[in-house]
Structure formats: structure tokens, C-alpha cells
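Q: What follows is start.txt; its format and atoms are compact mmCIF, C-alpha atoms and all ligand atoms.
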# COMPACT_ATOMS: atom_id res chain seq x y z
CA MET A 1 0.00 0.00 0.00
CA LEU A 2 3.04 2.30 0.28
CA GLY A 3 3.29 2.37 -3.49
CA MET A 4 -0.21 3.81 -3.72
CA ILE A 5 0.73 6.68 -1.47
CA THR A 6 3.82 7.71 -3.45
CA ALA A 7 1.84 7.68 -6.69
CA MET A 8 -0.81 9.96 -5.19
CA THR A 9 1.67 12.51 -3.84
CA ARG A 10 3.57 13.16 -7.07
CA ARG A 11 4.87 16.70 -7.13
CA CYS A 12 6.25 18.88 -9.87
CA ASP A 13 10.06 19.00 -9.76
CA SER A 14 10.05 22.63 -10.91
CA CYS A 15 7.37 24.35 -8.85
CA SER A 16 6.37 21.65 -6.31
CA SER A 17 2.75 21.85 -7.44
CA ARG A 18 0.68 18.75 -6.84
CA ASP A 19 -1.38 19.43 -9.95
CA VAL A 20 0.55 16.90 -12.05
CA ARG A 21 -1.39 14.76 -14.48
CA GLU A 22 -0.36 11.81 -16.62
CA PHE A 23 -0.79 11.90 -20.40
CA LYS A 24 0.19 9.71 -23.34
CA GLY A 25 2.88 11.25 -25.48
CA GLU A 26 4.61 10.71 -28.82
CA PHE A 27 8.10 12.12 -29.23
CA ALA A 28 10.57 12.03 -32.08
CA VAL A 29 13.99 12.37 -30.47
CA HIS A 30 16.67 13.78 -32.76
CA PHE A 31 20.39 13.91 -32.19
CA ALA A 32 21.56 17.51 -31.92
CA GLY A 33 23.93 19.24 -34.33
CA ILE A 34 24.94 18.65 -37.94
CA GLU A 35 26.14 15.11 -37.29
CA GLY A 36 22.68 14.33 -35.92
CA LEU A 37 21.32 14.54 -39.47
CA SER A 38 22.90 11.20 -40.32
CA LYS A 39 21.79 9.49 -37.12
CA ALA A 40 18.59 7.73 -36.19
CA ILE A 41 15.46 9.57 -35.14
CA VAL A 42 14.04 7.66 -32.20
CA TRP A 43 10.30 7.54 -31.54
CA VAL A 44 9.13 7.11 -27.98
CA PHE A 45 5.54 6.76 -26.81
CA PRO A 46 5.80 7.31 -23.07
CA GLU A 47 3.43 8.31 -20.36
CA VAL A 48 4.14 11.97 -19.75
CA ASN A 49 3.63 13.72 -16.45
CA VAL A 50 2.68 17.31 -17.10
CA CYS A 51 2.53 19.93 -14.37
CA LEU A 52 -0.69 21.83 -14.98
CA THR A 53 0.66 24.75 -12.98
CA CYS A 54 3.98 25.54 -14.69
CA GLY A 55 3.96 23.26 -17.75
CA ALA A 56 7.01 21.21 -16.85
CA ALA A 57 6.80 17.78 -18.47
CA GLN A 58 8.62 14.60 -17.56
CA PHE A 59 8.82 11.20 -19.17
CA ARG A 60 11.11 8.20 -19.19
CA VAL A 61 12.68 6.83 -22.37
CA PRO A 62 12.21 3.02 -22.48
CA ASP A 63 15.36 0.88 -22.32
CA ARG A 64 15.25 -0.19 -25.96
CA GLU A 65 14.97 3.36 -27.28
CA LEU A 66 17.49 4.53 -24.70
CA ARG A 67 20.01 2.12 -26.17
CA VAL A 68 19.56 3.75 -29.58
CA LEU A 69 20.16 7.16 -28.04
CA ARG A 70 23.30 5.91 -26.31
CA THR A 71 24.85 4.37 -29.40
CA GLY A 72 23.17 6.09 -32.36
CA VAL A 73 22.64 2.62 -33.80
CA PRO A 74 19.11 1.26 -34.36
CA VAL A 75 17.99 -1.63 -32.19
CA GLU A 76 15.61 -4.30 -33.40
CA GLY A 77 12.06 -3.47 -32.37
CA ALA A 78 12.72 0.19 -31.66
CA ALA A 79 10.76 2.74 -33.66
CA VAL A 80 13.53 4.45 -35.57
CA LEU A 81 13.60 6.55 -38.71
CA MET A 82 16.82 6.19 -40.69
CA GLU A 83 15.98 8.38 -43.69
CA ASN A 84 19.40 9.99 -44.11
CA ILE A 85 21.42 6.88 -43.46
CA GLU A 86 19.57 4.85 -46.09
CA LYS A 87 20.76 7.22 -48.80
CA GLN A 88 24.34 6.14 -48.20
CA TYR A 89 23.53 2.59 -49.16
CA SER A 90 21.28 3.27 -52.13
CA GLY A 91 24.09 4.34 -54.46
CA SER A 92 24.41 1.95 -57.41
CA SER A 93 27.70 0.51 -58.52
CA VAL A 94 27.01 0.37 -62.23
CA ALA A 95 29.93 -0.08 -64.59
CA GLN A 96 32.45 -0.38 -61.83
CA GLY A 97 34.46 -2.90 -63.84
CA GLU A 98 34.86 -0.51 -66.78
CA ALA A 99 37.26 1.83 -65.06
CA THR A 100 39.54 -0.88 -63.79
CA ARG A 101 39.74 -2.85 -67.06
CA SER A 102 43.33 -3.69 -67.72
CA ARG A 103 44.78 -2.80 -71.05
CA PRO A 104 47.93 -3.92 -72.72
CA SER A 105 50.23 -0.91 -72.92
CA GLU A 106 50.77 0.54 -76.39
CA ASN A 107 54.31 1.35 -77.39
ZN ZN B 201 5.21 22.81 -11.99
Represent the supplied structure as C-alpha cells.

A:
Amino acid sequence: MLGMITAMTRRCDSCSSRDVREFKGEFAVHFAGIEGLSKAIVWVFPEVNVCLTCGAAQFRVPDRELRVLRTGVPVEGAAVLMENIEKQYSGSSVAQGEATRSRPSEN
């Protein structure tokens, strides 16, 4: 029954208001900076605690998605968008043999 009590007395970390309510959220987490453009965008669908007094919001990133944020590498089962990375692998290698064809030297 102690667990019930702690859940009921949740306070806002910013303003100590008790007017904190739980919502369902959807977040696309991007890596910051230019290099972030080539990294995964991680989707998380957490329960979000929003302070209805000051607007501070708090949620926890699930382990699986957290692993993607730690490493920048997608994990199986995680909702990840890899739009920019895919482009690196879509380049075709047409006529690669042409350039390296050996020729007998002409004297
Ligand atoms: Zn607050």
C-alpha cells in the first residue's frame, strides 16, 4: 500500500505543485547538431507527467529506445527513422568494372 501513497503525492520537480497529471505522449527524439542529421530519429511513446501549474513535463525513455540514443545505432524493435542513413547505401555501382579494365600498354 506504500506504493499507492507515493503515486498519489507526485509533485512537480520545478514548482512543487501537486497538480501533475499523466498523459500519453509521442516524441521524435533527434540527435543535436549537424552530425545528428545522419543518425537515427528515435520515436518514444511514453506516459508523460505534465505539471498543470507551470507546464514542466517529464517522461522516461524506455530501455530499448534509450540504447539507440546511447549508441546512435538502431535496435531491433525500436521505432527508428533512418531516412538519411539509407541514402548512403542506395548508391548503385554500375559499370564499376569498366574503369579498372586492364589494357595492354601501347608502345
Ligand atoms: Zn510545476

Q: Mind checking which residues fall within 12 Å of A:Leu66, counting all atoms listed in the file, ignoring those fewer than 3 positions away in the same chain, and posting them as a short mmCIF file (atom, residue, chain, number, x, y, z; two decimals) with C-alpha atoms, keeping the file's coordinate frame?

A:
data_model
loop_
_atom_site.label_atom_id
_atom_site.label_comp_id
_atom_site.auth_asym_id
_atom_site.auth_seq_id
_atom_site.Cartn_x
_atom_site.Cartn_y
_atom_site.Cartn_z
CA VAL A 29 13.99 12.37 -30.47
CA ALA A 40 18.59 7.73 -36.19
CA ILE A 41 15.46 9.57 -35.14
CA VAL A 42 14.04 7.66 -32.20
CA TRP A 43 10.30 7.54 -31.54
CA VAL A 44 9.13 7.11 -27.98
CA ARG A 60 11.11 8.20 -19.19
CA VAL A 61 12.68 6.83 -22.37
CA PRO A 62 12.21 3.02 -22.48
CA ASP A 63 15.36 0.88 -22.32
CA LEU A 69 20.16 7.16 -28.04
CA ARG A 70 23.30 5.91 -26.31
CA THR A 71 24.85 4.37 -29.40
CA GLY A 72 23.17 6.09 -32.36
CA VAL A 73 22.64 2.62 -33.80
CA PRO A 74 19.11 1.26 -34.36
CA VAL A 75 17.99 -1.63 -32.19
CA ALA A 78 12.72 0.19 -31.66
CA ALA A 79 10.76 2.74 -33.66
CA VAL A 80 13.53 4.45 -35.57
#

Q: Considering only C-alpha atoms and all ligand atoms, state which residue in the set A:Leu81, A:Cys54, A:Ile34, A:Val68 is at the smallest distance from ligand ZN 201 (chain B).

A: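 Between A:Leu81, A:Cys54, A:Ile34, A:Val68, the residue approaching ligand ZN 201 (chain B) most closely is A:Cys54.
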
Q: Which distance in Å separates atom CA of A:Gly55 and atom ZN of ligand ZN 201 (chain B), to one decimal?

A: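 Answer for the atom CA of A:Gly55 to atom ZN of ligand ZN 201 (chain B) separation: 5.9 Å.
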
Q: What does the list of residues within 10 Å of ligand ZN 201 (chain B) look like if you count all atoms listed in the file, written as a PyMOL selection string?

A: chain A and resi 11-20+50-57

Q: At what distance in Å, to one decimal, does atom CA of A:Ala28 lie from atom CA of A:Phe45?

A: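 Atom-to-atom, atom CA of A:Phe45 to atom CA of A:Ala28, that is 9.0 Å.
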
Q: Can you measure atom CA of A:Glu22 to atom CA of A:Pro46 for me? One decimal in Å is fine.

A: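 Separation of atom CA of A:Glu22 and atom CA of A:Pro46: 10.0 Å.
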
Q: Skip A:Phe23 itself and residues of its chain fewer than 4 positions away, then list as a list in words all residues within 7 Å of it, counting only C-alpha atoms.

A: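 Final neighbour list, sorted by chain and number: Glu47, Val48 and Asn49 of chain A.
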
Q: Please tell me which residues are no farther than 9 Å from (20.6, 10.3, -38.7) in the file, counting only C-alpha atoms, and write them as a PyMOL selection string.

A: chain A and resi 30-31+35-41+72+81-85
